[in-house]
Amino acid sequence: MRHIKFFIAGAVALCTSVSLSAQTLTEEQKIGELVSRMTLSEKIGQMNQLTGTGLSGDMTSAVRSGKVGSILNELDAGTVNALQKIAVEESRLGIPLVFARDVIHGFKTIFPIPLGQAASWDAGIVETGAEIAAREATSVGIRWTFAPMIDISRDPRWGRIAESLGEDTYLTSVLGAAMVRGFQGSEGNDLTAPDRMAACAKHFAGYGASESGKDYNTTWIPRSQLRETYLPPFKAAAEAGAATFMCSFNDINGIPSSGNSWLNVDLLRGEWGYDGMLVSDWGSIEQMIPHGYAADLKDAAEKSANAGVDMDMMGFAYDRHLETLVAEGKVDIAKIDEAVKNVLRLKFRLGLFENPYTVPQGRDAFYRADALAAARKAAAESAVLLKNNGVLPLKTTGKIAVVGPLADSGRDQVGTWCFDAEPEHAVTPLQAILAEYPELEVINTPSLTHSRERNTKRIKAAVKAARNADVILCFVGEEAILSGEARSRADISLPGAQRELIAELKATGRPLVLVVMAGRPLTIESEVKMSDATLFSFHAGTMAGPGLADVLFGKVSPSGKLPVTFPKMVGQVPVYYNHKNTGRPANDITLIDDIPVDAVQTSIGFTSYHLDAGDRPLFPFGYGLSYTTFEYGAPQLSSEAMTADGGITATCTVRNTGGVDASEVVQLYIRDRVASLVRPVRELKGFKKISLKAGESTVVSFDITSADLSFWRADGTFGVEPGEFEVWISTDSDAGVPARFSLSGVK
Ligand code: BGC
């Protein structure tokens with residue numbers, strides 16, 4: 001039996017007994033061989049994922065009898081190896097386990113939340129963050145992470161927007177693929193390296209469209225929109241080699257993802273040819289019962305298995321019912337074999353058959369100097385400067401008041417979805433300022449202990465003390481627990497008494513700098529107005545303090561750009577830059593408050609806007625200021641006519657017209673003027689981060705081909721249509737003057 005076991009596994013120890021022909025089997029042949037030796041119960045075992053319970057009797061016997069294929073949330077390297085030893089040496093076929101964990105934006109060294117990383121618009125930062133996360137997490141035996149989360153998120157009420165890469169399909173596709181490469185390595189076979197782990201593109205699909213931003217809620221997404229807006233990041237992740245996908249919790253147009261054959265079989269396997277593994281979300285198979293899509297757990301198991309879900313995460317549906325369903329002919333054994341092959345393929349790709357064990361590295365693997373430096377850079381580059389009256393960058397001498405509930409909260413600055421973060425290792429802004437700017441006299445008097453605190457009794461003393469400062473630096477925002485899974489908010493203003501705190505600080509007349517640290521866009525119009533400068537930091541991780549200090553004191557000029565639109569008020573939601581025009585685009589806007597009572601009938605224009613909010617968001621997608629100014633020339637096109645099989649180049653001269661060396665994210669937007677389906681007013685199709693010294697200029701160019709102009713047309717096909725297009729090269733989604741070209745030669 002041992003011979004058979006290692007014949008399949010190719011384990012080094014018994015290599016000599018493996019025949020030459022066995023060694024030359026392809027991976028697919030090895031998988032086929034192994035599956036042909038498995039009992040139905042062993043097959044179903046591979047499709048079962050359980051959460052760790054250490055070396056409990058239940059777990060060890062499940063592993064020994066081949067009733068579990070993967071364990072999540074087991075974090076002790078010794079336990080991981082002990083369980084693996086049982087799987088490899090004591091189970092009949094010796095199939096290794098794969099250990100999984102949500103390593104979303106770092107394991108110990110925490111990077112900015114994904115939404116913050118997206119604000120860097122820098123694939124390199126995202127890739128490095130994932131690489132470091134993989135290095136740290138694999139040191140305890142985790143070889144599979146449940147990231148990247150690439151759900152397009154246009155609703156800031158949704159708590160999980162924090163985990164996302166924002167509202168835009170193109171930006172999410174580019175950064176999501178970078179994250180896959182970071183976790184897995186850019187070469188396919190890097191996945192076998194012990195410091196790499198399998199990525200998981202989640203949540204497939206449409207989860208970000210949850211109605212009213214309420215988590216897990218229903219979604220209605222027309223196929224064309226699903227294909228155009230929500231699916232491309234998943235296709236990009238699959239093309240980047242993402243080893244696994246995860247189902248989403250929501251139903252799409254009435255069918256929960258975990259039971260959706262069109263999505264998981266026809267599209268993912270058929271159209272895209274994906275050969276990775278598809279795992280359910282936690283209990284999402286079982287949750288088809290309350291959804292009203294499955295009558296009971298057995299029905300749910302049948303629907304998910306037939307809909308191509310390979311592994312059941314903590315739903316117990318497969319474990320309890322698949323064997324009977326196969327016996328009853330309700331689930332074909334071929335379906336089971338296919339699922340098991342997908343699971344085994346993952347294990348082969350990870351090299352687990354050759355190297356099942358982890359070499360424990362203890363704490364040496366954590367917080368290495370390069371990790372901390374990369375996290376600091378990421379924190380600085382993901383900060384978005386929303387307003388600056390010239391008070392920033394701050395002087396490094398004199399008196400500064402450092403106030404607010406987020407100034408010194410290691411626990412909150414690491415953000416959501418980092419179970420393994422150690423807040424005591426986070427360097428807060430207050431700590432960083434005290435340590436790195438010794439010439440500053442820092443006044444720090446407690447005001448509010450946390451973001452939701454309503455008790456204003458300590459505000460007075462804090463404000464009194466701040467009055468003596470040359471400048472006030474106030475850290476406000478949201479606690480980490482206000483965003484993330486099941487953390488949706490209907491009111492996305494600053495919680496607690498923070499607005500009162502800011503108003504009182506403003507009343508001192510001292511220059512007031514706000515740093516807003518949050519897991520989502522917030523409706524902070526009045527707070528921004530009260531401030532002399534506002535820097536927005538999506539919870540920026542372990543090194544948020546030093547990274548933000550680098551920006552505040554001018555070591556780094558801010559270059560972050562918003563990956564999501566900021567509404568003025570929550571009633572504007574959904575509000576996103578690539579919306580479509582109505583037949584009455586907004587003009588002649590007069591806000592209701594500005595209209596005298598007797599002129600209401602005559603003054604309100606019949607165009608598309610909100611009487612109390614107008615038509616614009618607080619800040620558009622792509623927005624972000626710098627300590628310098630950039631001047632954009634008009635975009636130049638290499639030709640005003642393009643054929644469908646050709647291309648044109650759009651160029652723009654960008655000049656640093658200020659006095660500071662800085663980086664800028666130059667953005668390319670395109671609009672299709674007339675089409676068989678109404679097209680968005682603009683769509684991001686490219687971006688480049690450039691660095692310019694003060695006074696320097698450069699020409700930025702983008703090549704445009706049919707791929708950038710294609711869309712899901714009225715007849716359901718994907719491609720271009722002839723006609724006029726507009727092109728912007730601009731500093732954000734609301735700036736710039738377009739150039740025009742026409743497209744012909746469409747077959
Ligand atoms: C979440 C997933 C996560 C899983 C495992 C679920 O509740 O939706 O994103 O990967 O739990 O922790």
# chains A, B, ... in the order shown; residues from 1 in each chain; ligands from 1
$ closest_atom_pairs --of "segment 197-307 of chain A" --to "segment 488-510 of chain A" --cutoff "12 Å" --atoms "only C-alpha atoms" --output "CSV"
residue,atom,partner,partner_atom,distance
A:Gly208,CA,A:Ser488,CA,11.8
A:Ser210,CA,A:Ser488,CA,10.7
A:Glu211,CA,A:Ser488,CA,11.4
A:Ser212,CA,A:Ala490,CA,8.3
A:Gly213,CA,A:Ser488,CA,6.6
A:Lys214,CA,A:Ser488,CA,5.7
A:Asp215,CA,A:Ser488,CA,6.3
A:Tyr216,CA,A:Ser488,CA,10.1
A:Asn217,CA,A:Ser488,CA,10.9
$ residues_around --residues "Gln636 of chain A" --least-positions-apart "4" --cutoff "10 Å" --atoms "only C-alpha atoms" --output "PyMOL selection string"
chain A and resi 640+649-653+701+727-729+738-740
$ select_by_dssp --residues "segment 84-157 of chain A" --states "strand (DSSP E)" --output "number ranges by chain"
A: 98-101, 144-145
$ write_last_selection --atoms "all heavy atoms" --output "PDB file, in the first residue's frame"
ATOM      1  N   VAL A  98      -4.485  20.623   2.077  1.00  0.00           N
ATOM      2  CA  VAL A  98      -4.048  21.988   1.790  1.00  0.00           C
ATOM      3  C   VAL A  98      -4.651  22.877   2.873  1.00  0.00           C
ATOM      4  O   VAL A  98      -5.854  22.826   3.143  1.00  0.00           O
ATOM      5  CB  VAL A  98      -4.380  22.438   0.347  1.00  0.00           C
ATOM      6  CG1 VAL A  98      -5.846  22.273  -0.014  1.00  0.00           C
ATOM      7  CG2 VAL A  98      -3.948  23.887   0.116  1.00  0.00           C
ATOM      8  N   PHE A  99      -3.771  23.665   3.513  1.00  0.00           N
ATOM      9  CA  PHE A  99      -4.199  24.524   4.618  1.00  0.00           C
ATOM     10  C   PHE A  99      -4.457  25.939   4.102  1.00  0.00           C
ATOM     11  O   PHE A  99      -3.638  26.497   3.358  1.00  0.00           O
ATOM     12  CB  PHE A  99      -3.135  24.530   5.722  1.00  0.00           C
ATOM     13  CG  PHE A  99      -3.048  23.210   6.422  1.00  0.00           C
ATOM     14  CD1 PHE A  99      -2.206  22.205   5.949  1.00  0.00           C
ATOM     15  CD2 PHE A  99      -3.844  22.948   7.536  1.00  0.00           C
ATOM     16  CE1 PHE A  99      -2.144  20.975   6.568  1.00  0.00           C
ATOM     17  CE2 PHE A  99      -3.789  21.710   8.164  1.00  0.00           C
ATOM     18  CZ  PHE A  99      -2.943  20.719   7.687  1.00  0.00           C
ATOM     19  N   ALA A 100      -5.600  26.478   4.523  1.00  0.00           N
ATOM     20  CA  ALA A 100      -6.035  27.768   3.968  1.00  0.00           C
ATOM     21  C   ALA A 100      -6.309  28.783   5.072  1.00  0.00           C
ATOM     22  O   ALA A 100      -6.547  28.420   6.230  1.00  0.00           O
ATOM     23  CB  ALA A 100      -7.311  27.558   3.146  1.00  0.00           C
ATOM     24  N   ARG A 101      -6.292  30.047   4.686  1.00  0.00           N
ATOM     25  CA  ARG A 101      -6.557  31.128   5.631  1.00  0.00           C
ATOM     26  C   ARG A 101      -6.867  32.389   4.839  1.00  0.00           C
ATOM     27  O   ARG A 101      -6.339  32.585   3.746  1.00  0.00           O
ATOM     28  CB  ARG A 101      -5.300  31.348   6.489  1.00  0.00           C
ATOM     29  CG  ARG A 101      -5.373  32.486   7.488  1.00  0.00           C
ATOM     30  CD  ARG A 101      -6.229  32.136   8.668  1.00  0.00           C
ATOM     31  NE  ARG A 101      -6.042  33.012   9.808  1.00  0.00           N
ATOM     32  CZ  ARG A 101      -6.866  33.009  10.870  1.00  0.00           C
ATOM     33  NH1 ARG A 101      -7.867  32.174  10.925  1.00  0.00           N
ATOM     34  NH2 ARG A 101      -6.658  33.831  11.879  1.00  0.00           N
ATOM     35  N   TRP A 144      -2.732  28.417   0.922  1.00  0.00           N
ATOM     36  CA  TRP A 144      -3.871  28.844   0.102  1.00  0.00           C
ATOM     37  C   TRP A 144      -4.542  30.010   0.806  1.00  0.00           C
ATOM     38  O   TRP A 144      -4.936  29.896   1.965  1.00  0.00           O
ATOM     39  CB  TRP A 144      -4.840  27.652  -0.043  1.00  0.00           C
ATOM     40  CG  TRP A 144      -6.092  27.893  -0.821  1.00  0.00           C
ATOM     41  CD1 TRP A 144      -6.341  28.891  -1.723  1.00  0.00           C
ATOM     42  CD2 TRP A 144      -7.298  27.115  -0.762  1.00  0.00           C
ATOM     43  NE1 TRP A 144      -7.604  28.770  -2.228  1.00  0.00           N
ATOM     44  CE2 TRP A 144      -8.220  27.687  -1.664  1.00  0.00           C
ATOM     45  CE3 TRP A 144      -7.684  25.977  -0.047  1.00  0.00           C
ATOM     46  CZ2 TRP A 144      -9.500  27.173  -1.852  1.00  0.00           C
ATOM     47  CZ3 TRP A 144      -8.953  25.467  -0.237  1.00  0.00           C
ATOM     48  CH2 TRP A 144      -9.851  26.051  -1.142  1.00  0.00           C
ATOM     49  N   THR A 145      -4.593  31.151   0.131  1.00  0.00           N
ATOM     50  CA  THR A 145      -5.285  32.309   0.713  1.00  0.00           C
ATOM     51  C   THR A 145      -6.576  32.586  -0.039  1.00  0.00           C
ATOM     52  O   THR A 145      -6.691  32.274  -1.221  1.00  0.00           O
ATOM     53  CB  THR A 145      -4.410  33.570   0.678  1.00  0.00           C
ATOM     54  OG1 THR A 145      -5.163  34.657   1.250  1.00  0.00           O
ATOM     55  CG2 THR A 145      -4.009  33.986  -0.730  1.00  0.00           C
TER      56      THR A 145
END
$ residues_near_ligand --ligand "ligand 1" --cutoff "6 Å" --atoms "only C-alpha atoms and all ligand atoms" --output "list in words"
Asp102, Phe146, Asp281 and Trp282 of chain A
$ closest_residue --among "A:Ile150, A:Leu448, A:Ala379, A:Ala707" --to "Ser537 of chain A" --atoms "only C-alpha atoms"
A:Ala379
$ residues_around --residues "segment 604-609 of chain A" --least-positions-apart "3" --cutoff "8 Å" --atoms "only C-alpha atoms" --output "ChimeraX atom specification"
/A:582,584-590,600-601,613-615
$ select_by_dssp --residues "segment 366-552 of chain A" --states "alpha helix (DSSP H)" --output "ChimeraX atom specification"
/A:369-381,410-413,429-436,459-466,498-507,525-530,544-552
$ closest_atom_pairs --of "segment 500-567 of chain A" --to "segment 574-577 of chain A" --cutoff "8 Å" --atoms "only C-alpha atoms" --output "CSV"
residue,atom,partner,partner_atom,distance
A:Val564,CA,A:Tyr576,CA,7.3
A:Thr565,CA,A:Tyr576,CA,5.7
A:Pro567,CA,A:Val575,CA,6.8
$ closest_residue --among "A:Met313, A:Ile289, A:Ile161, A:Ile255" --to "Gly52 of chain A" --atoms "only C-alpha atoms"
A:Met313
$ closest_residue --among "A:Ser257, A:Thr60, A:Gln431, A:Ser742" --to "Ser639 of chain A" --atoms "only C-alpha atoms"
A:Ser742
$ closest_residue --among "A:Asp168, A:Glu74, A:Asp155, A:Glu527" --to "Ile142 of chain A" --atoms "only C-alpha atoms"
A:Glu74
$ closest_atom_pairs --of "segment 27-115 of chain A" --to "segment 354-372 of chain A" --cutoff "6 Å" --atoms "only C-alpha atoms" --output "JSON lines"
{"residue": "A:Ala77", "atom": "CA", "partner": "A:Pro360", "partner_atom": "CA", "distance": 5.8}
{"residue": "A:Asn81", "atom": "CA", "partner": "A:Tyr357", "partner_atom": "CA", "distance": 5.7}
{"residue": "A:Thr109", "atom": "CA", "partner": "A:Tyr367", "partner_atom": "CA", "distance": 5.5}
$ closest_residue --among "A:Ser706, A:Ser284, A:Ser224, A:Ser120" --to "Met246 of chain A" --atoms "only C-alpha atoms"
A:Ser284
$ residues_around --residues "Asp312 of chain A" --least-positions-apart "2" --cutoff "8 Å" --atoms "only C-alpha atoms" --output "list in words"
Met47, Asn48, Gln49, Val279, Ser280, Asp281, Trp282, Gly283, Ile285, Val309, Asp310, Met314, Gly315, Phe316, Ala317 and Tyr318 of chain A
$ write_last_selection --atoms "all heavy atoms" --output "short mmCIF file (atom, residue, chain, number, x, y, z; two decimals), in the first residue's frame"
data_model
loop_
_atom_site.label_atom_id
_atom_site.label_comp_id
_atom_site.auth_asym_id
_atom_site.auth_seq_id
_atom_site.Cartn_x
_atom_site.Cartn_y
_atom_site.Cartn_z
N MET A 47 -13.50 16.79 -1.31
CA MET A 47 -14.39 17.93 -1.62
C MET A 47 -14.88 18.63 -0.36
O MET A 47 -15.75 19.49 -0.42
CB MET A 47 -15.59 17.43 -2.45
CG MET A 47 -15.20 16.85 -3.80
SD MET A 47 -16.57 15.95 -4.56
CE MET A 47 -17.68 17.27 -5.01
N ASN A 48 -14.33 18.23 0.76
CA ASN A 48 -14.82 18.73 2.04
C ASN A 48 -13.76 19.60 2.69
O ASN A 48 -12.61 19.20 2.86
CB ASN A 48 -15.12 17.50 2.92
CG ASN A 48 -15.82 17.86 4.20
OD1 ASN A 48 -16.52 18.87 4.27
ND2 ASN A 48 -15.64 17.04 5.22
N GLN A 49 -14.14 20.82 3.08
CA GLN A 49 -13.20 21.70 3.78
C GLN A 49 -13.75 22.02 5.16
O GLN A 49 -14.90 22.43 5.31
CB GLN A 49 -13.00 23.00 3.01
CG GLN A 49 -11.91 23.86 3.65
CD GLN A 49 -11.70 25.19 2.93
OE1 GLN A 49 -12.66 25.88 2.63
NE2 GLN A 49 -10.46 25.54 2.67
N VAL A 279 -14.24 26.75 -4.84
CA VAL A 279 -14.70 26.44 -3.48
C VAL A 279 -15.95 27.27 -3.19
O VAL A 279 -16.10 28.38 -3.70
CB VAL A 279 -13.56 26.74 -2.45
CG1 VAL A 279 -13.22 28.23 -2.37
CG2 VAL A 279 -13.91 26.21 -1.06
N SER A 280 -16.83 26.72 -2.38
CA SER A 280 -18.01 27.51 -1.96
C SER A 280 -17.53 28.58 -0.99
O SER A 280 -16.39 28.55 -0.53
CB SER A 280 -19.02 26.61 -1.24
OG SER A 280 -18.58 26.35 0.09
N ASP A 281 -18.38 29.55 -0.65
CA ASP A 281 -18.04 30.39 0.49
C ASP A 281 -18.50 29.67 1.76
O ASP A 281 -19.15 28.62 1.68
CB ASP A 281 -18.66 31.79 0.35
CG ASP A 281 -17.89 32.82 1.21
OD1 ASP A 281 -17.11 32.41 2.09
OD2 ASP A 281 -18.07 34.03 0.99
N TRP A 282 -18.15 30.23 2.88
CA TRP A 282 -18.41 29.57 4.17
C TRP A 282 -19.91 29.29 4.31
O TRP A 282 -20.71 30.22 4.44
CB TRP A 282 -17.92 30.48 5.30
CG TRP A 282 -18.06 29.92 6.67
CD1 TRP A 282 -19.24 29.72 7.34
CD2 TRP A 282 -17.02 29.51 7.55
NE1 TRP A 282 -18.99 29.20 8.58
CE2 TRP A 282 -17.63 29.06 8.74
CE3 TRP A 282 -15.63 29.46 7.47
CZ2 TRP A 282 -16.90 28.60 9.83
CZ3 TRP A 282 -14.90 29.00 8.55
CH2 TRP A 282 -15.53 28.56 9.71
N GLY A 283 -20.24 28.00 4.23
CA GLY A 283 -21.64 27.62 4.41
C GLY A 283 -22.57 28.06 3.29
O GLY A 283 -23.79 27.97 3.42
N ILE A 285 -23.31 26.77 0.50
CA ILE A 285 -24.14 25.70 -0.08
C ILE A 285 -25.38 25.52 0.79
O ILE A 285 -26.52 25.59 0.32
CB ILE A 285 -23.33 24.39 -0.22
CG1 ILE A 285 -22.15 24.61 -1.19
CG2 ILE A 285 -24.23 23.23 -0.65
CD1 ILE A 285 -21.27 23.40 -1.41
N VAL A 309 -19.55 23.20 -8.14
CA VAL A 309 -18.80 23.69 -6.97
C VAL A 309 -17.97 22.51 -6.45
O VAL A 309 -18.51 21.49 -6.03
CB VAL A 309 -19.75 24.24 -5.88
CG1 VAL A 309 -18.94 24.72 -4.67
CG2 VAL A 309 -20.61 25.36 -6.45
N ASP A 310 -16.64 22.66 -6.49
CA ASP A 310 -15.76 21.52 -6.22
C ASP A 310 -15.61 21.20 -4.74
O ASP A 310 -15.41 20.06 -4.36
CB ASP A 310 -14.35 21.79 -6.79
CG ASP A 310 -14.37 22.04 -8.28
OD1 ASP A 310 -15.14 21.34 -8.97
OD2 ASP A 310 -13.65 22.92 -8.75
N MET A 314 -17.26 24.32 4.97
CA MET A 314 -18.03 24.35 6.21
C MET A 314 -19.54 24.34 6.01
O MET A 314 -20.27 24.97 6.77
CB MET A 314 -17.63 25.59 7.03
CG MET A 314 -16.27 25.46 7.69
SD MET A 314 -16.12 24.02 8.77
CE MET A 314 -17.11 24.50 10.17
N GLY A 315 -19.98 23.60 4.99
CA GLY A 315 -21.43 23.50 4.78
C GLY A 315 -21.94 22.12 5.15
O GLY A 315 -23.14 21.92 5.32
N PHE A 316 -21.03 21.15 5.23
CA PHE A 316 -21.32 19.75 5.58
C PHE A 316 -22.32 19.08 4.64
O PHE A 316 -22.77 17.98 4.89
CB PHE A 316 -21.80 19.63 7.04
CG PHE A 316 -20.81 20.22 8.00
CD1 PHE A 316 -21.00 21.48 8.55
CD2 PHE A 316 -19.65 19.52 8.33
CE1 PHE A 316 -20.06 22.03 9.40
CE2 PHE A 316 -18.71 20.07 9.19
CZ PHE A 316 -18.91 21.32 9.73
N ALA A 317 -22.65 19.76 3.56
CA ALA A 317 -23.64 19.22 2.63
C ALA A 317 -23.05 18.05 1.84
O ALA A 317 -23.69 16.98 1.72
CB ALA A 317 -24.11 20.32 1.69
N TYR A 318 -21.85 18.22 1.33
CA TYR A 318 -21.23 17.16 0.54
C TYR A 318 -20.94 15.95 1.42
O TYR A 318 -21.22 14.81 1.07
CB TYR A 318 -19.94 17.65 -0.11
CG TYR A 318 -20.14 18.60 -1.28
CD1 TYR A 318 -19.04 19.13 -1.97
CD2 TYR A 318 -21.40 18.95 -1.73
CE1 TYR A 318 -19.19 19.98 -3.05
CE2 TYR A 318 -21.58 19.80 -2.80
CZ TYR A 318 -20.48 20.31 -3.47
OH TYR A 318 -20.65 21.15 -4.53
#
$ residues_around --residues "segment 423-426 of chain A" --least-positions-apart "2" --cutoff "6 Å" --atoms "only C-alpha atoms" --output "MDAnalysis selection string"
chainID A and resid 410:411 542
$ residues_around --residues "segment 674-684 of chain A" --least-positions-apart "3" --cutoff "8 Å" --atoms "only C-alpha atoms" --output "number ranges by chain"
A: 168, 170-171, 577-581, 667-671, 687, 713-714, 721, 723-724, 733
$ write_last_selection --atoms "C-alpha atoms" --output "CSV table (one decimal), in the first residue's frame"
chain,number,residue,atom,x,y,z
A,168,ASP,CA,-13.7,50.3,-11.6
A,170,TYR,CA,-10.2,48.0,-15.4
A,171,LEU,CA,-8.3,49.1,-12.3
A,577,TYR,CA,-18.0,57.8,-12.6
A,578,ASN,CA,-18.7,55.5,-15.5
A,579,HIS,CA,-22.5,55.9,-15.4
A,580,LYS,CA,-24.6,56.4,-18.5
A,581,ASN,CA,-26.1,59.7,-19.6
A,667,GLN,CA,-5.4,58.3,-16.6
A,668,LEU,CA,-6.7,57.4,-20.0
A,669,TYR,CA,-10.5,57.5,-20.5
A,670,ILE,CA,-12.5,56.6,-23.6
A,671,ARG,CA,-16.2,57.2,-24.6
A,687,PHE,CA,-3.1,54.6,-16.5
A,713,ARG,CA,-23.3,44.6,-27.8
A,714,ALA,CA,-27.1,44.7,-28.1
A,721,GLU,CA,-19.0,49.1,-33.5
A,723,GLY,CA,-18.4,55.4,-35.0
A,724,GLU,CA,-17.0,58.3,-33.0
A,733,SER,CA,-12.3,61.0,-14.2
$ closest_residue --among "A:Cys247, A:Ala82, A:Val720, A:Ala334" --to "Ser304 of chain A" --atoms "only C-alpha atoms"
A:Cys247
$ residues_around --residues "Val326 of chain A" --least-positions-apart "6" --cutoff "10 Å" --atoms "only C-alpha atoms" --output "list of chain:residue names"
A:Leu40, A:Glu302, A:Asp332, A:Ile333, A:Ala334, A:Lys335, A:Ile336
$ atom_distance --atom1 "atom CA of Lys568 of chain A" --atom2 "atom CA of Trp158 of chain A"
16.4 Å
